[in-house]
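With TSV, C-alpha atoms inside, this is run.tsv:
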chain	number	residue	atom	x	y	z
A	1	MET	CA	0.00	0.00	0.00
A	2	ALA	CA	1.37	3.40	-1.00
A	3	HIS	CA	2.07	6.02	1.64
A	4	LYS	CA	-0.44	8.88	1.61
A	5	LEU	CA	0.98	12.41	1.50
A	6	LEU	CA	-0.75	15.77	1.75
A	7	VAL	CA	0.90	18.66	-0.12
A	8	VAL	CA	-0.15	22.12	1.08
A	9	ASP	CA	0.90	25.34	-0.67
A	10	ASP	CA	-1.02	28.37	-1.88
A	11	GLU	CA	0.92	28.35	-5.16
A	12	GLU	CA	-0.79	25.79	-7.37
A	13	ASP	CA	2.29	25.39	-9.59
A	14	ILE	CA	4.31	24.27	-6.58
A	15	VAL	CA	1.58	21.86	-5.50
A	16	GLU	CA	1.53	20.39	-9.02
A	17	LEU	CA	5.31	20.05	-9.23
A	18	LEU	CA	5.66	18.47	-5.79
A	19	SER	CA	2.70	16.16	-6.39
A	20	TYR	CA	4.06	15.03	-9.74
A	21	ASN	CA	7.50	14.21	-8.33
A	22	LEU	CA	6.08	12.38	-5.33
A	23	GLN	CA	3.61	10.40	-7.44
A	24	LEU	CA	6.54	9.24	-9.58
A	25	GLU	CA	7.95	7.73	-6.39
A	26	GLY	CA	4.72	5.79	-5.85
A	27	TYR	CA	3.11	7.97	-3.20
A	28	GLU	CA	-0.61	8.70	-3.13
A	29	VAL	CA	-0.84	12.49	-3.03
A	30	PHE	CA	-3.66	14.72	-1.79
A	31	ARG	CA	-3.53	18.48	-2.28
A	32	ALA	CA	-4.61	21.67	-0.55
A	33	THR	CA	-4.05	25.32	-1.42
A	34	ASN	CA	-5.10	26.96	1.86
A	35	GLY	CA	-5.09	26.23	5.56
A	36	MET	CA	-8.73	25.24	6.04
A	37	GLU	CA	-8.58	22.90	3.07
A	38	ALA	CA	-5.38	21.40	4.53
A	39	LEU	CA	-7.03	20.73	7.89
A	40	ASN	CA	-10.07	19.17	6.19
A	41	GLN	CA	-7.91	16.98	3.92
A	42	ALA	CA	-5.76	15.88	6.88
A	43	ARG	CA	-8.83	14.85	8.88
A	44	LYS	CA	-10.45	13.14	5.90
A	45	HIS	CA	-7.45	11.20	4.53
A	46	LEU	CA	-5.19	10.87	7.61
A	47	PRO	CA	-2.02	11.07	5.51
A	48	ASP	CA	1.24	9.45	6.55
A	49	LEU	CA	3.03	12.79	6.04
A	50	ILE	CA	2.16	16.43	5.35
A	51	LEU	CA	4.32	18.81	3.29
A	52	LEU	CA	3.28	22.22	4.54
A	53	ASP	CA	3.97	25.78	3.42
A	54	LEU	CA	3.93	28.31	6.25
A	55	MET	CA	2.57	31.33	4.39
A	56	LEU	CA	-1.01	30.46	3.49
A	57	PRO	CA	-3.84	32.92	2.83
A	58	ASP	CA	-6.18	31.95	5.68
A	59	VAL	CA	-4.54	29.86	8.40
A	60	ASP	CA	-0.74	29.95	8.59
A	61	GLY	CA	1.33	26.77	8.67
A	62	PHE	CA	2.43	27.27	12.28
A	63	SER	CA	-1.22	27.28	13.39
A	64	ILE	CA	-1.98	24.24	11.25
A	65	CYS	CA	0.83	22.32	12.98
A	66	GLU	CA	-0.51	23.30	16.38
A	67	ILE	CA	-4.07	22.31	15.48
A	68	LEU	CA	-3.01	18.96	14.00
A	69	HIS	CA	-0.89	18.09	17.03
A	70	CYS	CA	-3.76	18.87	19.43
A	71	GLN	CA	-6.22	16.49	17.79
A	72	PRO	CA	-5.98	12.77	18.63
A	73	SER	CA	-6.63	11.59	15.06
A	74	THR	CA	-3.88	13.76	13.54
A	75	THR	CA	-1.39	14.23	16.37
A	76	ASN	CA	1.08	11.64	15.07
A	77	ILE	CA	1.15	12.80	11.45
A	78	PRO	CA	4.66	14.11	10.74
A	79	VAL	CA	4.97	17.48	9.02
A	80	ILE	CA	7.74	18.68	6.75
A	81	VAL	CA	7.67	22.45	6.46
A	82	LEU	CA	8.45	23.79	2.97
A	83	THR	CA	8.82	27.54	3.05
A	84	ALA	CA	10.64	30.59	1.78
A	85	MET	CA	11.10	31.76	5.40
A	86	ALA	CA	14.81	31.14	5.84
A	87	GLY	CA	15.51	32.81	9.19
A	88	GLU	CA	16.49	31.06	12.38
A	89	LEU	CA	13.40	32.17	14.36
A	90	PRO	CA	10.80	30.76	11.92
A	91	ARG	CA	12.79	27.51	11.68
A	92	LEU	CA	12.94	27.16	15.48
A	93	HIS	CA	9.26	28.03	15.79
A	94	GLY	CA	8.47	25.36	13.19
A	95	PHE	CA	10.17	22.73	15.31
A	96	GLU	CA	8.49	24.07	18.46
A	97	VAL	CA	5.04	23.52	16.93
A	98	GLY	CA	5.91	19.98	15.90
A	99	ALA	CA	7.54	19.99	12.47
A	100	ALA	CA	9.63	16.89	11.79
A	101	ASP	CA	11.77	18.74	9.23
A	102	TYR	CA	12.13	22.27	7.87
A	103	CYS	CA	13.11	22.90	4.24
A	104	ILE	CA	13.77	26.18	2.48
A	105	LYS	CA	12.26	26.68	-0.98
A	106	PRO	CA	13.24	26.09	-3.63
A	107	ILE	CA	14.07	22.47	-2.86
A	108	ARG	CA	15.51	20.02	-5.36
A	109	PRO	CA	13.27	17.03	-6.09
A	110	ARG	CA	15.98	14.54	-5.03
A	111	ASP	CA	16.43	16.34	-1.69
A	112	LEU	CA	12.69	16.38	-1.11
A	113	LYS	CA	12.35	12.68	-1.91
A	114	ALA	CA	15.18	11.84	0.50
A	115	ARG	CA	13.65	13.92	3.29
A	116	VAL	CA	10.20	12.40	2.74
A	117	LYS	CA	11.64	8.90	2.85
A	118	SER	CA	13.64	9.66	6.00
A	119	VAL	CA	10.70	11.19	7.88
A	120	LEU	CA	8.40	8.31	6.87
A	121	GLU	CA	10.97	5.75	8.06
A	122	THR	CA	11.42	7.58	11.37
A	123	SER	CA	7.66	7.80	11.81
A	124	ALA	CA	7.23	4.07	11.08
A	125	ALA	CA	9.95	3.19	13.59
A	126	ARG	CA	8.29	5.34	16.27
A	127	THR	CA	4.91	3.76	15.56
A	128	ALA	CA	6.37	0.25	15.80
A	129	GLU	CA	8.15	1.14	19.03
A	130	SER	CA	4.97	2.63	20.48
A	131	GLU	CA	2.93	-0.42	19.51
A	132	ALA	CA	5.53	-2.74	21.05
A	133	GLU	CA	5.39	-0.75	24.29
A	134	THR	CA	1.59	-0.86	24.25
A	135	ASP	CA	1.64	-4.61	23.63
A	136	GLY	CA	4.08	-5.06	26.49
A	137	VAL	CA	1.83	-3.16	28.87
A	138	ALA	CA	-1.26	-5.07	27.74
A	139	VAL	CA	0.43	-8.45	28.32
A	140	ARG	CA	1.37	-7.70	31.91

Give the structure from this file in structure tokens form.
Amino acid sequence: MAHKLLVVDDEEDIVELLSYNLQLEGYEVFRATNGMEALNQARKHLPDLILLDLMLPDVDGFSICEILHCQPSTTNIPVIVLTAMAGELPRLHGFEVGAADYCIKPIRPRDLKARVKSVLETSAARTAESEAETDGVAVR
């Protein structure tokens, strides 16, 4: 089964380019071009990973991260921030609100694919570890 990804950016050309490259890698890709649509798509599809721009027209990416991490159904979805905001403070704030990675646009397709793969592998390992701990507690 293919991993599900949600690509969120207010620039439709970027959404198309990212989606195309990720689909070539075998991922199932959902798309959103604003914050509310991103939250709705995340709740509906429960993607394995979200690629999120910070500067969106309605709800900014920082707020989206906070909202997703406060809801039980979406709290464990890793987020890779893709943004033009290159400063140290936005990057640190991104990690503070739960981003798994922070990438500055433009990003090369090969770099993006490597980061997506890495975050998905880390997320899978954490899930397996968490399930093993839960199983261990249930057996006792």

Using all atoms listed in the file, I'd like a table of the residues in stretch 72-123 of chain A that come within 9 Å of stretch 15-36 of chain A; for each, show the closest atom pair and its distance in Å rounded to one decimal, ordered by chain and ascending number, as a Markdown table.
| residue | atom | partner | partner_atom | distance |
| --- | --- | --- | --- | --- |
| A:Pro109 | CA | A:Asn21 | CA | 6.8 |
| A:Leu112 | CA | A:Leu18 | CA | 8.7 |
| A:Lys113 | CA | A:Leu22 | CA | 7.1 |

field: Given all atoms listed in the file as the counted atoms, nearest of A:Arg110, A:His45, A:Arg115, A:His93 to A:Ile80
entry: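 Of all the options, A:Arg115 lies closest to A:Ile80.
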
Counting only C-alpha atoms, what is within 8 Å of A:Cys103, bar same-chain residues fewer than 2 positions away, as a PDB file with C-alpha atoms, in the frame of the given file?
ATOM      1  CA  ILE A  80       7.740  18.680   6.750  1.00  0.00           C
ATOM      2  CA  VAL A  81       7.670  22.450   6.460  1.00  0.00           C
ATOM      3  CA  LEU A  82       8.450  23.790   2.970  1.00  0.00           C
ATOM      4  CA  THR A  83       8.820  27.540   3.050  1.00  0.00           C
ATOM      5  CA  ASP A 101      11.770  18.740   9.230  1.00  0.00           C
ATOM      6  CA  LYS A 105      12.260  26.680  -0.980  1.00  0.00           C
ATOM      7  CA  ILE A 107      14.070  22.470  -2.860  1.00  0.00           C
TER       8      ILE A 107
END

Atom pair atom CA of A:Thr75 / atom CA of A:Ser118: separation (Å): 18.8 Å

Polymer residues at most 9 Å from stretch 49-57 of chain A, only C-alpha atoms, same-chain spacing of 6 or more positions, as a JSON list (two decimals) with C-alpha atoms, keeping the file's coordinate frame:
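Listing of result.json after writing:
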[["chain", "number", "residue", "atom", "x", "y", "z"],
["A", 3, "HIS", "CA", 2.07, 6.02, 1.64],
["A", 4, "LYS", "CA", -0.44, 8.88, 1.61],
["A", 5, "LEU", "CA", 0.98, 12.41, 1.50],
["A", 6, "LEU", "CA", -0.75, 15.77, 1.75],
["A", 7, "VAL", "CA", 0.90, 18.66, -0.12],
["A", 8, "VAL", "CA", -0.15, 22.12, 1.08],
["A", 9, "ASP", "CA", 0.90, 25.34, -0.67],
["A", 10, "ASP", "CA", -1.02, 28.37, -1.88],
["A", 33, "THR", "CA", -4.05, 25.32, -1.42],
["A", 34, "ASN", "CA", -5.10, 26.96, 1.86],
["A", 35, "GLY", "CA", -5.09, 26.23, 5.56],
["A", 38, "ALA", "CA", -5.38, 21.40, 4.53],
["A", 42, "ALA", "CA", -5.76, 15.88, 6.88],
["A", 63, "SER", "CA", -1.22, 27.28, 13.39],
["A", 64, "ILE", "CA", -1.98, 24.24, 11.25],
["A", 65, "CYS", "CA", 0.83, 22.32, 12.98],
["A", 77, "ILE", "CA", 1.15, 12.80, 11.45],
["A", 78, "PRO", "CA", 4.66, 14.11, 10.74],
["A", 79, "VAL", "CA", 4.97, 17.48, 9.02],
["A", 80, "ILE", "CA", 7.74, 18.68, 6.75],
["A", 81, "VAL", "CA", 7.67, 22.45, 6.46],
["A", 82, "LEU", "CA", 8.45, 23.79, 2.97],
["A", 83, "THR", "CA", 8.82, 27.54, 3.05],
["A", 84, "ALA", "CA", 10.64, 30.59, 1.78],
["A", 85, "MET", "CA", 11.10, 31.76, 5.40],
["A", 94, "GLY", "CA", 8.47, 25.36, 13.19],
["A", 116, "VAL", "CA", 10.20, 12.40, 2.74],
["A", 119, "VAL", "CA", 10.70, 11.19, 7.88],
["A", 120, "LEU", "CA", 8.40, 8.31, 6.87],
["A", 123, "SER", "CA", 7.66, 7.80, 11.81]]

field: Length of the atom CA of A:Leu46 to atom CA of A:Glu129 vector [Å]
entry: 20.1 Å

field: Selected residue of minimal separation from A:Lys44 among A:Ser73, A:Pro106, A:Glu12, A:Glu121, counting all atoms listed in the file
entry: A:Ser73

Using only the atoms of stretch 59-74 of chain A listed in the file, plus 3 Å on each side, state the axis-aligned box centre and edge lengths in Å rounded to one decimal, as JSON.
{"center_x": -2.1, "center_y": 20.8, "center_z": 13.9, "size_x": 15.1, "size_y": 24.4, "size_z": 17.0}

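With distances restricted to only C-alpha atoms, A:Tyr102 is the closest residue to A:Ala86 from A:Gly61, A:Gln71, A:Tyr102, A:Glu37.
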
Top pick for closest residue to A:Glu96, considering A:Asp111, A:Asp58, A:Glu66, A:Glu131 and counting all atoms listed in the file: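 Residue with the minimum atom-to-atom distance to A:Glu96: A:Glu66.
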
- prompt: Could you work out how far atom CA of A:Asp13 lies from atom CA of A:Thr74, giving the answer in Å with one decimal?
  reply: 26.6 Å
